[in-house]
$ cat model.txt   # compact mmCIF, C-alpha atoms
# COMPACT_ATOMS: atom_id res chain seq x y z
CA MET A 344 1.58 -75.60 -52.08
CA ALA A 345 -1.52 -76.98 -50.45
CA ALA A 346 -2.33 -78.81 -53.63
CA THR A 347 1.13 -80.44 -53.85
CA LEU A 348 1.01 -81.42 -50.19
CA CYS A 349 -2.38 -82.87 -50.51
CA GLY A 350 -1.19 -84.94 -53.39
CA ARG A 351 1.73 -86.52 -51.45
CA LEU A 352 0.34 -86.82 -47.99
CA LEU A 353 -2.98 -88.25 -48.74
CA PRO A 354 -2.19 -91.52 -50.29
CA LYS A 355 -5.32 -93.13 -49.01
CA ALA A 356 -8.54 -91.30 -49.10
CA GLY A 357 -9.83 -90.02 -45.73
CA TRP A 358 -6.45 -89.55 -44.07
CA LEU A 359 -5.89 -85.94 -42.95
CA PRO A 360 -2.35 -84.60 -42.42
CA LEU A 361 -1.20 -83.47 -38.99
CA THR A 362 -0.50 -79.92 -40.06
CA GLN A 363 -2.14 -78.01 -42.78
CA SER A 364 -0.75 -74.75 -43.95
CA VAL A 365 -3.67 -72.52 -44.83
CA ARG A 366 -1.87 -69.68 -46.42
CA HIS A 367 -0.42 -69.73 -49.83
CA GLY A 368 3.05 -68.77 -48.60
CA SER A 369 5.66 -67.08 -50.73
CA LYS A 370 9.10 -68.47 -51.37
CA ALA A 371 12.18 -67.70 -49.31
CA VAL A 372 13.65 -65.14 -51.69
CA THR A 373 11.04 -62.64 -52.72
CA ARG A 374 11.07 -59.32 -54.52
CA HIS A 375 9.05 -57.64 -51.82
CA ARG A 376 9.84 -57.49 -48.14
CA LYS A 377 8.67 -60.78 -46.74
CA PRO A 378 6.98 -60.37 -43.34
CA VAL A 379 9.03 -61.86 -40.57
CA HIS A 380 7.66 -65.05 -39.12
CA PHE A 381 5.93 -64.54 -35.83
CA LEU A 382 8.23 -66.81 -33.91
CA LYS A 383 11.24 -65.08 -35.33
CA GLN A 384 9.64 -61.73 -34.51
CA LYS A 385 9.18 -62.77 -30.92
CA LEU A 386 12.78 -63.91 -30.66
CA LEU A 387 14.09 -60.70 -32.13
CA ALA A 388 11.98 -58.65 -29.74
CA VAL A 389 13.25 -60.53 -26.74
CA THR A 390 16.88 -60.33 -27.77
CA GLU A 391 16.83 -56.64 -28.71
CA TYR A 392 19.89 -54.61 -27.82
CA ILE A 393 19.31 -52.21 -24.91
CA PRO A 394 22.09 -49.67 -24.82
CA PRO A 395 23.31 -48.56 -21.40
CA ILE A 396 21.87 -45.21 -20.21
CA PRO A 397 24.60 -42.59 -20.23
CA ALA A 398 25.11 -40.94 -16.86
CA ALA A 399 23.85 -37.37 -16.52
CA PRO A 400 26.47 -34.70 -17.02
CA PRO A 401 27.89 -33.45 -13.73
CA GLY A 402 26.24 -30.05 -13.93
CA ALA A 403 22.72 -31.28 -14.44
CA LEU A 404 22.04 -32.94 -11.14
CA VAL A 405 23.47 -30.19 -8.97
CA ARG A 406 20.82 -28.25 -7.05
CA ARG A 407 20.08 -24.85 -8.40
CA VAL A 408 21.33 -22.58 -5.67
CA ARG A 409 20.22 -19.01 -6.10
CA LYS A 410 23.24 -16.85 -6.31
CA THR A 411 23.13 -14.37 -3.49
CA GLU A 412 23.40 -11.28 -5.59
CA GLU A 413 26.03 -8.98 -4.45
CA GLU A 414 24.61 -5.62 -3.73
CA SER A 415 25.61 -3.16 -6.32
CA THR A 416 27.82 -0.43 -5.02
CA LEU A 417 25.19 2.15 -5.90
CA ALA A 418 22.79 0.44 -3.54
CA VAL A 419 25.42 0.48 -0.82
CA LEU A 420 25.97 4.19 -1.35
CA LEU A 421 22.27 4.91 -1.25
CA ARG A 422 21.92 2.89 1.88
CA LYS A 423 24.63 4.88 3.57
CA ASP A 424 22.86 8.02 2.50
CA LEU A 425 19.66 6.75 4.05
CA GLU A 426 21.43 5.93 7.28
CA THR A 427 22.83 9.41 7.63
CA LEU A 428 19.44 10.88 6.78
CA PHE A 429 17.69 8.86 9.44
CA LYS A 430 20.28 9.81 11.99
CA GLU A 431 20.29 13.51 11.27
CA CYS A 432 16.74 14.37 10.47
CA LYS A 433 14.11 14.51 13.08
CA MET A 434 11.22 14.39 10.68
CA ILE A 435 10.86 11.86 7.90
CA ALA A 436 7.56 11.79 6.07
CA VAL A 437 6.56 9.18 3.51
CA VAL A 438 4.39 10.39 0.67
CA GLN A 439 2.93 8.49 -2.24
CA ASN A 440 2.93 10.38 -5.50
CA ASN A 441 0.38 9.59 -8.17
CA ALA A 442 2.09 10.99 -11.21
CA ILE A 443 2.78 14.51 -10.16
CA ASN A 444 3.69 17.00 -12.86
CA ALA A 445 7.25 18.18 -13.18
CA GLU A 446 6.24 21.80 -12.68
CA ASP A 447 4.07 20.91 -9.71
CA LEU A 448 6.98 19.01 -8.25
CA LEU A 449 9.24 22.01 -8.72
CA GLN A 450 6.76 24.30 -7.02
CA LEU A 451 6.39 21.89 -4.15
CA LYS A 452 10.14 21.59 -3.81
CA HIS A 453 10.47 25.32 -3.76
CA LYS A 454 7.85 25.75 -1.09
CA LEU A 455 9.40 23.10 1.06
CA LYS A 456 12.96 24.36 0.60
CA ARG A 457 11.95 27.54 2.33
CA HIS A 458 11.46 25.54 5.47
CA ASN A 459 14.51 23.35 4.92
CA ILE A 460 12.48 20.32 3.97
CA SER A 461 14.11 18.34 1.19
CA ILE A 462 12.47 15.80 -1.07
CA LYS A 463 14.38 12.58 -1.61
CA PHE A 464 13.81 9.71 -3.97
CA PHE A 465 15.13 6.28 -3.10
CA PRO A 466 14.47 2.93 -4.74
CA ASN A 467 12.10 0.85 -2.66
CA GLN A 468 14.39 -2.14 -2.49
CA VAL A 469 17.19 -0.17 -0.92
CA THR A 470 14.91 1.41 1.65
CA ARG A 471 13.37 -1.94 2.49
CA SER A 472 16.72 -3.63 2.98
CA PHE A 473 17.84 -0.75 5.14
CA LEU A 474 14.69 -0.66 7.24
CA ASN A 475 14.81 -4.40 7.79
CA ASN A 476 18.09 -4.07 9.62
CA SER A 477 17.30 -0.97 11.57
CA ILE A 478 14.90 -0.13 14.34
CA TYR A 479 12.46 1.48 11.93
CA SER A 480 11.16 -1.84 10.69
CA ASN A 481 7.56 -0.86 11.32
CA MET A 482 7.79 1.59 8.48
CA LEU A 483 8.24 -1.26 6.01
CA PRO A 484 4.62 -1.52 4.84
CA LEU A 485 4.65 2.14 3.94
CA PHE A 486 7.20 1.73 1.19
CA VAL A 487 5.07 0.12 -1.49
CA GLY A 488 4.63 1.61 -4.92
CA GLN A 489 5.92 5.02 -5.85
CA THR A 490 7.00 6.73 -2.70
CA VAL A 491 8.90 9.86 -1.93
CA ILE A 492 10.49 10.87 1.33
CA PHE A 493 10.39 14.34 2.83
CA VAL A 494 13.19 14.87 5.30
CA SER A 495 13.95 17.79 7.49
CA LYS A 496 15.89 18.52 10.62
CA GLU A 497 13.14 20.38 12.37
CA PRO A 498 9.67 18.96 12.54
CA LYS A 499 7.81 21.62 10.61
CA VAL A 500 4.60 19.81 10.09
CA LYS A 501 2.20 22.68 9.54
CA GLU A 502 4.14 24.11 6.65
CA MET A 503 4.49 20.72 5.09
CA LEU A 504 0.77 20.09 5.35
CA GLN A 505 0.00 23.43 3.80
CA ALA A 506 2.33 22.79 0.91
CA LEU A 507 0.87 19.34 0.37
CA ARG A 508 -2.65 20.67 0.37
CA ARG A 509 -1.90 22.44 -2.88
CA SER A 510 -0.90 19.28 -4.68
CA PRO A 511 -3.65 16.68 -4.42
CA GLN A 512 -1.63 13.94 -6.03
CA MET A 513 0.80 13.59 -3.16
CA VAL A 514 -0.78 11.41 -0.55
CA LEU A 515 0.74 11.59 2.91
CA LEU A 516 1.01 8.09 4.28
CA GLY A 517 2.90 8.41 7.52
CA ALA A 518 5.83 10.02 9.21
CA CYS A 519 8.54 9.24 11.71
CA ILE A 520 8.92 12.35 13.84
CA GLU A 521 11.56 12.21 16.55
CA ASN A 522 11.69 8.43 16.39
CA THR A 523 7.96 8.03 16.82
CA LEU A 524 5.91 6.59 14.05
CA LEU A 525 2.84 8.64 13.27
CA SER A 526 -0.10 8.02 11.03
CA TYR A 527 -1.95 10.65 9.06
CA GLN A 528 -4.22 11.57 11.96
CA GLY A 529 -1.20 11.56 14.23
CA ILE A 530 0.50 14.06 11.97
CA LEU A 531 -2.55 16.28 12.00
CA ASN A 532 -2.70 16.18 15.77
CA TYR A 533 1.00 16.87 15.98
CA SER A 534 0.60 19.96 13.87
CA LYS A 535 -2.11 21.26 16.17
CA LEU A 536 0.12 20.98 19.24
CA PRO A 537 1.21 24.33 20.67
CA SER A 538 4.88 25.16 21.11
CA MET A 539 7.03 23.89 23.97
CA THR A 540 6.92 27.09 26.07
CA THR A 541 3.15 27.24 26.06
CA ILE A 542 2.93 23.59 26.98
CA GLN A 543 5.39 24.06 29.80
CA GLY A 544 3.47 27.03 31.05
CA GLU A 545 0.24 25.10 30.91
CA LEU A 546 1.80 22.18 32.76
CA VAL A 547 3.19 24.36 35.52
CA GLY A 548 -0.12 26.14 35.83
CA GLY A 549 -1.99 22.88 36.06
CA LEU A 550 0.28 21.50 38.74
CA THR A 551 0.14 24.57 40.92
CA MET A 552 -3.56 25.00 40.42
CA MET A 553 -4.53 22.71 43.31
CA THR A 554 -2.21 24.31 45.82
CA SER A 555 -3.21 27.81 44.81
CA GLN A 556 -6.85 26.85 45.12
CA THR A 557 -6.37 25.61 48.69
CA VAL A 558 -4.42 28.75 49.61
CA SER A 559 -7.10 31.01 48.24
CA MET A 560 -9.83 29.04 50.02
CA LEU A 561 -8.02 29.34 53.32
CA ARG A 562 -7.52 33.05 52.88
CA HIS A 563 -11.00 33.66 51.62
CA HIS A 564 -12.78 34.40 54.89
CA PRO A 565 -10.33 36.78 56.56
CA ALA A 566 -9.79 38.55 53.23
CA HIS A 567 -13.50 39.08 52.84
CA LEU A 568 -13.82 40.31 56.41
CA SER A 569 -10.94 42.77 56.08
CA ALA A 570 -12.34 44.10 52.81
CA LEU A 571 -15.73 44.70 54.41
CA LEU A 572 -14.21 46.39 57.45
CA GLN A 573 -12.17 48.67 55.22
CA GLN A 574 -15.25 49.63 53.33
CA TYR A 575 -17.07 50.24 56.64
CA VAL A 576 -14.29 52.49 57.83
CA LYS A 577 -14.36 54.47 54.60
CA GLN A 578 -18.06 54.90 54.70
CA GLN A 579 -17.98 55.81 58.39
CA GLY A 580 -15.48 58.49 57.62
CA SER A 581 -17.23 59.88 54.52
CA GLY A 582 -20.98 59.46 55.13
CA ASP A 583 -21.54 59.88 58.91
CA ALA A 584 -24.86 61.63 58.47
CA THR A 585 -26.72 59.01 56.44
CA ASN A 586 -27.93 56.32 58.84
CA ALA A 587 -29.18 54.04 56.05
CA ILE A 588 -25.63 53.41 54.87
CA THR A 589 -24.45 52.47 58.39
CA ASN A 590 -27.49 50.23 58.75
CA LYS A 591 -26.62 48.61 55.46
CA ASP A 592 -23.07 48.16 56.62
CA ALA A 593 -24.20 46.59 59.85
CA SER A 594 -26.39 44.15 57.95
CA THR A 595 -23.55 43.21 55.56
CA VAL A 596 -21.15 42.81 58.48
CA GLN A 597 -23.69 40.54 60.19
CA GLU A 598 -24.03 38.52 56.99
CA ALA A 599 -20.24 38.19 56.69
CA ALA A 600 -19.97 37.13 60.32
CA ALA A 601 -22.65 34.50 59.74
CA MET B 88 0.92 -5.29 -16.77
CA ALA B 89 0.20 -1.62 -16.74
CA ALA B 90 -3.05 -1.60 -18.66
CA SER B 91 -4.71 -4.21 -20.74
CA ARG B 92 -6.22 -3.01 -24.00
CA GLY B 93 -5.30 0.57 -23.37
CA ALA B 94 -5.82 2.79 -20.41
CA VAL B 95 -9.12 3.12 -18.67
CA VAL B 96 -11.37 5.77 -20.09
CA LEU B 97 -12.92 7.70 -17.27
CA LYS B 98 -15.44 9.67 -19.28
CA THR B 99 -18.39 8.31 -17.40
CA VAL B 100 -16.86 8.51 -13.97
CA LYS B 101 -17.67 11.33 -11.65
CA LYS B 102 -15.65 10.60 -8.56
CA ILE B 103 -13.25 8.00 -7.29
CA ILE B 104 -12.67 7.75 -3.56
CA VAL B 105 -9.86 5.46 -2.45
CA GLN B 106 -9.56 4.72 1.21
CA PHE B 107 -6.87 2.62 2.85
CA CYS B 108 -4.61 2.29 5.84
CA PRO B 109 -0.97 2.25 4.78
CA PHE B 110 0.23 0.28 7.76
CA GLU B 111 -1.82 -2.76 6.84
CA SER B 112 -0.29 -5.43 4.68
CA ASN B 113 -3.23 -6.00 2.35
CA VAL B 114 -3.28 -2.58 0.75
CA ARG B 115 -0.74 -3.21 -2.01
CA SER B 116 -3.28 -3.78 -4.76
CA THR B 117 -5.35 -0.79 -3.69
CA ARG B 118 -2.33 1.47 -3.72
CA GLU B 119 -1.28 0.23 -7.12
CA PHE B 120 -4.81 0.77 -8.39
CA LEU B 121 -4.60 4.31 -7.07
CA ILE B 122 -1.33 4.87 -8.91
CA MET B 123 -2.84 3.53 -12.12
CA VAL B 124 -5.94 5.61 -11.86
CA GLY B 125 -4.06 8.69 -10.79
CA SER B 126 -1.63 8.56 -13.67
CA GLU B 127 -1.52 11.38 -16.19
CA LYS B 128 -2.97 9.43 -19.07
CA VAL B 129 -5.96 8.18 -17.21
CA ARG B 130 -6.66 11.49 -15.58
CA GLY B 131 -6.37 13.13 -18.93
CA THR B 132 -9.33 11.21 -20.26
CA ASN B 133 -11.58 13.15 -17.95
CA MET B 134 -10.38 16.27 -16.22
CA ASN B 135 -13.59 16.66 -14.26
CA CYS B 136 -13.22 13.38 -12.51
CA GLU B 137 -11.91 13.78 -8.99
CA VAL B 138 -9.63 11.22 -7.43
CA ILE B 139 -9.80 11.56 -3.69
CA THR B 140 -7.57 9.63 -1.33
CA ALA B 141 -8.36 9.08 2.32
CA VAL B 142 -5.56 7.76 4.48
CA LYS B 143 -6.86 6.16 7.63
CA HIS B 144 -5.36 4.23 10.49
CA ASP B 145 -8.24 2.22 11.87
CA ARG B 146 -7.40 -1.24 10.52
CA SER B 147 -10.35 -1.00 8.18
CA GLU B 148 -10.39 -2.68 4.79
CA PRO B 149 -9.15 -0.80 1.81
CA THR B 150 -12.13 0.25 -0.31
CA ILE B 151 -12.53 1.97 -3.63
CA ASP B 152 -15.78 3.83 -4.16
CA ILE B 153 -16.50 4.94 -7.71
CA THR B 154 -19.44 7.15 -8.56
CA PHE B 155 -20.53 7.28 -12.19
CA LEU B 156 -22.23 10.11 -13.96
CA ASP B 157 -25.57 8.35 -14.01
CA GLY B 158 -25.53 7.86 -10.27
CA GLU B 159 -24.39 4.28 -10.18
CA ARG B 160 -21.85 3.37 -7.54
CA LEU B 161 -19.19 0.71 -7.70
CA VAL B 162 -17.69 -0.32 -4.40
CA MET B 163 -14.68 -2.60 -4.46
CA LYS B 164 -13.12 -4.06 -1.36
CA GLY B 165 -9.50 -4.32 -2.26
CA SER B 166 -8.07 -6.49 0.46
CA LYS B 167 -8.45 -9.74 -1.49
CA LEU B 168 -8.55 -8.38 -5.03
CA THR B 169 -5.65 -7.86 -7.38
CA THR B 170 -5.00 -4.65 -9.20
CA GLN B 171 -5.73 -6.23 -12.57
CA GLU B 172 -9.11 -7.49 -11.44
CA MET B 173 -10.13 -4.12 -10.15
CA LEU B 174 -8.90 -2.34 -13.25
CA SER B 175 -10.67 -4.74 -15.56
CA ALA B 176 -13.90 -4.44 -13.59
CA LEU B 177 -13.73 -0.69 -13.86
CA GLN B 178 -12.86 -0.87 -17.55
CA THR B 179 -15.77 -3.15 -18.40
CA ARG B 180 -18.21 -0.94 -16.61
CA CYS B 181 -16.86 2.23 -18.16
CA SER B 182 -16.93 0.80 -21.65
CA ALA B 183 -20.39 -0.61 -21.06
CA LYS B 184 -21.67 2.81 -20.21
CA ASP B 185 -19.64 4.73 -22.73
CA PRO B 186 -20.78 3.25 -26.06
CA GLN B 187 -24.39 3.49 -24.90
CA ALA B 188 -23.99 7.18 -24.46
CA LYS B 189 -22.12 7.51 -27.75
CA ILE B 190 -24.66 5.48 -29.67
CA GLY B 191 -27.44 7.46 -28.09
CA ASP B 192 -25.77 10.69 -29.18
CA LYS B 193 -25.16 9.48 -32.70
CA LYS B 194 -28.73 8.38 -33.11
$ encode --input "model.txt" --output "structure tokens"
Amino acid sequence: MAATLCGRLLPKAGWLPLTQSVRHGSKAVTRHRKPVHFLKQKLLAVTEYIPPIPAAPPGALVRRVRKTEEESTLAVLLRKDLETLFKECKMIAVVQNNAINAEDLLQLKHKLKRHNISIKFFPNQVTRSFLNNSIYSNMLPLFVGQTVIFVSKEPKVKEMLQALRRSPQMVLLGACIENTLLSYQGILNYSKLPSMTTIQGELVGGLTMMTSQTVSMLRHHPAHLSALLQQYVKQQGSGDATNAITNKDASTVQEAAA
Amino acid sequence: MAASRGAVVLKTVKKIIVQFCPFESNVRSTREFLIMVGSEKVRGTNMNCEVITAVKHDRSEPTIDITFLDGERLVMKGSKLTTQEMLSALQTRCSAKDPQAKIGDKK
């Protein structure tokens, strides 16, 4: 094409055309895919069809609200059980079990049944939800991991400790005895407490100790004097002959008087 | 979650003392570690190994004190550690000691 153009457009020598096509372009209808002219490409790009964005389906943009799971009825039952337990039983001990054997568990149960202590298993979630709403909320951190509850109506701590000593896998964490939360050391101290009657006796004795002391101090001198005089009379009556005894008596009486 | 690459082999461990205060809030990992170590399988690997638990109430940190057969002690303070970390630390040390003993025996 350049050659044909050059032939027509350069009639006189030395006259350059305004435009010169460098490439040896192909014809309009080709067998291969002819590359689109740049200007046409630009136009096509600018006038491209942009489809409208479809709106999101109604369910997608709604906030994901966590369904408040309804408590299963079993959990409700267990919670009621727990409530009654806490109301009835004076002593509730929390023990962590590190994989106790079945036979060991049976033996432990047997030993504790003798003293009316029963072993209860509750799922942690239920106990936690119950404790959250009750006054025993300070027991919450105890219920982590595998825990077992020992409940009994009477606080028989010594027997429980003895039974637990046999099984090293059960670790006593804490107890709620008569609505007071006790730690391990607290439980040990509680077990060493004497019974109510002895404590009452000790208390009464302690209170009356001061008054009895004053009374005895007041009575001390005349009592001593009367005792000495009695002895003097006895010895006067029995040993009249021996003067040494009377002399001794006189000296003791003088000492007492002083 | 329970145990990575099998349970811990306690053949080289002499004693494990776990001490914590159950009323604190940072004892969860220590207690879980205790459960893992006290489980039947793990205890079955070495019946001579004693697992002793001390329950205290003095707001002290939960600690795990492990004594190995060759006298080495591993003390882990569990308040900021997870159970997995503690278990893996124990596992690596046990396995590090164990093959040495085995290889020594074989040779």
$ closest_atom_pairs --input "model.txt" --of "chain B" --to "chain A" --cutoff "10 Å" --atoms "only C-alpha atoms" --output "JSON lines"
{"residue": "B:Phe107", "atom": "CA", "partner": "A:Leu516", "partner_atom": "CA", "distance": 9.7}
{"residue": "B:Cys108", "atom": "CA", "partner": "A:Leu516", "partner_atom": "CA", "distance": 8.2}
{"residue": "B:Pro109", "atom": "CA", "partner": "A:Leu485", "partner_atom": "CA", "distance": 5.7}
{"residue": "B:Phe110", "atom": "CA", "partner": "A:Pro484", "partner_atom": "CA", "distance": 5.6}
{"residue": "B:Glu111", "atom": "CA", "partner": "A:Pro484", "partner_atom": "CA", "distance": 6.9}
{"residue": "B:Ser112", "atom": "CA", "partner": "A:Pro484", "partner_atom": "CA", "distance": 6.3}
{"residue": "B:Asn113", "atom": "CA", "partner": "A:Pro484", "partner_atom": "CA", "distance": 9.4}
{"residue": "B:Val114", "atom": "CA", "partner": "A:Pro484", "partner_atom": "CA", "distance": 9.0}
{"residue": "B:Arg115", "atom": "CA", "partner": "A:Val487", "partner_atom": "CA", "distance": 6.7}
{"residue": "B:Ser116", "atom": "CA", "partner": "A:Gly488", "partner_atom": "CA", "distance": 9.6}
{"residue": "B:Arg118", "atom": "CA", "partner": "A:Gly488", "partner_atom": "CA", "distance": 7.1}
{"residue": "B:Glu119", "atom": "CA", "partner": "A:Gly488", "partner_atom": "CA", "distance": 6.5}
{"residue": "B:Leu121", "atom": "CA", "partner": "A:Asn441", "partner_atom": "CA", "distance": 7.3}
{"residue": "B:Ile122", "atom": "CA", "partner": "A:Asn441", "partner_atom": "CA", "distance": 5.1}
{"residue": "B:Met123", "atom": "CA", "partner": "A:Asn441", "partner_atom": "CA", "distance": 7.9}
{"residue": "B:Val124", "atom": "CA", "partner": "A:Asn441", "partner_atom": "CA", "distance": 8.3}
{"residue": "B:Gly125", "atom": "CA", "partner": "A:Asn441", "partner_atom": "CA", "distance": 5.2}
{"residue": "B:Ser126", "atom": "CA", "partner": "A:Ala442", "partner_atom": "CA", "distance": 5.1}
{"residue": "B:Glu127", "atom": "CA", "partner": "A:Ala442", "partner_atom": "CA", "distance": 6.2}
{"residue": "B:Lys128", "atom": "CA", "partner": "A:Ala442", "partner_atom": "CA", "distance": 9.5}
{"residue": "B:Arg130", "atom": "CA", "partner": "A:Ala442", "partner_atom": "CA", "distance": 9.8}
{"residue": "B:Glu137", "atom": "CA", "partner": "A:Pro511", "partner_atom": "CA", "distance": 9.9}
{"residue": "B:Val138", "atom": "CA", "partner": "A:Gln512", "partner_atom": "CA", "distance": 8.6}
{"residue": "B:Ile139", "atom": "CA", "partner": "A:Pro511", "partner_atom": "CA", "distance": 8.0}
{"residue": "B:Thr140", "atom": "CA", "partner": "A:Val514", "partner_atom": "CA", "distance": 7.1}
{"residue": "B:Ala141", "atom": "CA", "partner": "A:Val514", "partner_atom": "CA", "distance": 8.4}
{"residue": "B:Val142", "atom": "CA", "partner": "A:Tyr527", "partner_atom": "CA", "distance": 6.5}
{"residue": "B:Lys143", "atom": "CA", "partner": "A:Tyr527", "partner_atom": "CA", "distance": 6.8}
{"residue": "B:His144", "atom": "CA", "partner": "A:Ser526", "partner_atom": "CA", "distance": 6.5}
$ atom_distance --input "model.txt" --atom1 "CA of Lys535 (chain A)" --atom2 "CA of Lys496 (chain A)"
19.0 Å
$ residues_near_point --input "model.txt" --point "(-16.8, 9.5, -9.9)" --cutoff "9 Å" --atoms "all atoms listed in the file" --output "PDB file with C-alpha atoms, in the coordinates of the input"
ATOM      1  CA  LEU B  97     -12.920   7.700 -17.270  1.00  0.00           C
ATOM      2  CA  THR B  99     -18.390   8.310 -17.400  1.00  0.00           C
ATOM      3  CA  VAL B 100     -16.860   8.510 -13.970  1.00  0.00           C
ATOM      4  CA  LYS B 101     -17.670  11.330 -11.650  1.00  0.00           C
ATOM      5  CA  LYS B 102     -15.650  10.600  -8.560  1.00  0.00           C
ATOM      6  CA  ILE B 103     -13.250   8.000  -7.290  1.00  0.00           C
ATOM      7  CA  ILE B 104     -12.670   7.750  -3.560  1.00  0.00           C
ATOM      8  CA  ASN B 135     -13.590  16.660 -14.260  1.00  0.00           C
ATOM      9  CA  CYS B 136     -13.220  13.380 -12.510  1.00  0.00           C
ATOM     10  CA  GLU B 137     -11.910  13.780  -8.990  1.00  0.00           C
ATOM     11  CA  VAL B 138      -9.630  11.220  -7.430  1.00  0.00           C
ATOM     12  CA  ASP B 152     -15.780   3.830  -4.160  1.00  0.00           C
ATOM     13  CA  ILE B 153     -16.500   4.940  -7.710  1.00  0.00           C
ATOM     14  CA  THR B 154     -19.440   7.150  -8.560  1.00  0.00           C
ATOM     15  CA  PHE B 155     -20.530   7.280 -12.190  1.00  0.00           C
ATOM     16  CA  LEU B 156     -22.230  10.110 -13.960  1.00  0.00           C
ATOM     17  CA  GLY B 158     -25.530   7.860 -10.270  1.00  0.00           C
ATOM     18  CA  ARG B 160     -21.850   3.370  -7.540  1.00  0.00           C
TER      19      ARG B 160
END
$ atom_distance --input "model.txt" --atom1 "CA of Cys432 (chain A)" --atom2 "CA of Asn532 (chain A)"
20.2 Å
$ closest_residue --input "model.txt" --among "A:Asn522, A:Asn467, A:Ser495, A:Thr490" --to "Leu455 (chain A)" --atoms "all atoms listed in the file"
A:Ser495
$ residues_around --input "model.txt" --residues "Lys164 (chain B)" --least-positions-apart "5" --cutoff "7 Å" --atoms "all atoms listed in the file" --output "list in words"
Glu148, Pro149, Thr150 and Ile151 of chain B
$ write_last_selection --input "model.txt" --atoms "C-alpha atoms" --output "JSON list (two decimals), keeping the file's coordinate frame"
[["chain", "number", "residue", "atom", "x", "y", "z"],
["B", 148, "GLU", "CA", -10.39, -2.68, 4.79],
["B", 149, "PRO", "CA", -9.15, -0.80, 1.81],
["B", 150, "THR", "CA", -12.13, 0.25, -0.31],
["B", 151, "ILE", "CA", -12.53, 1.97, -3.63]]
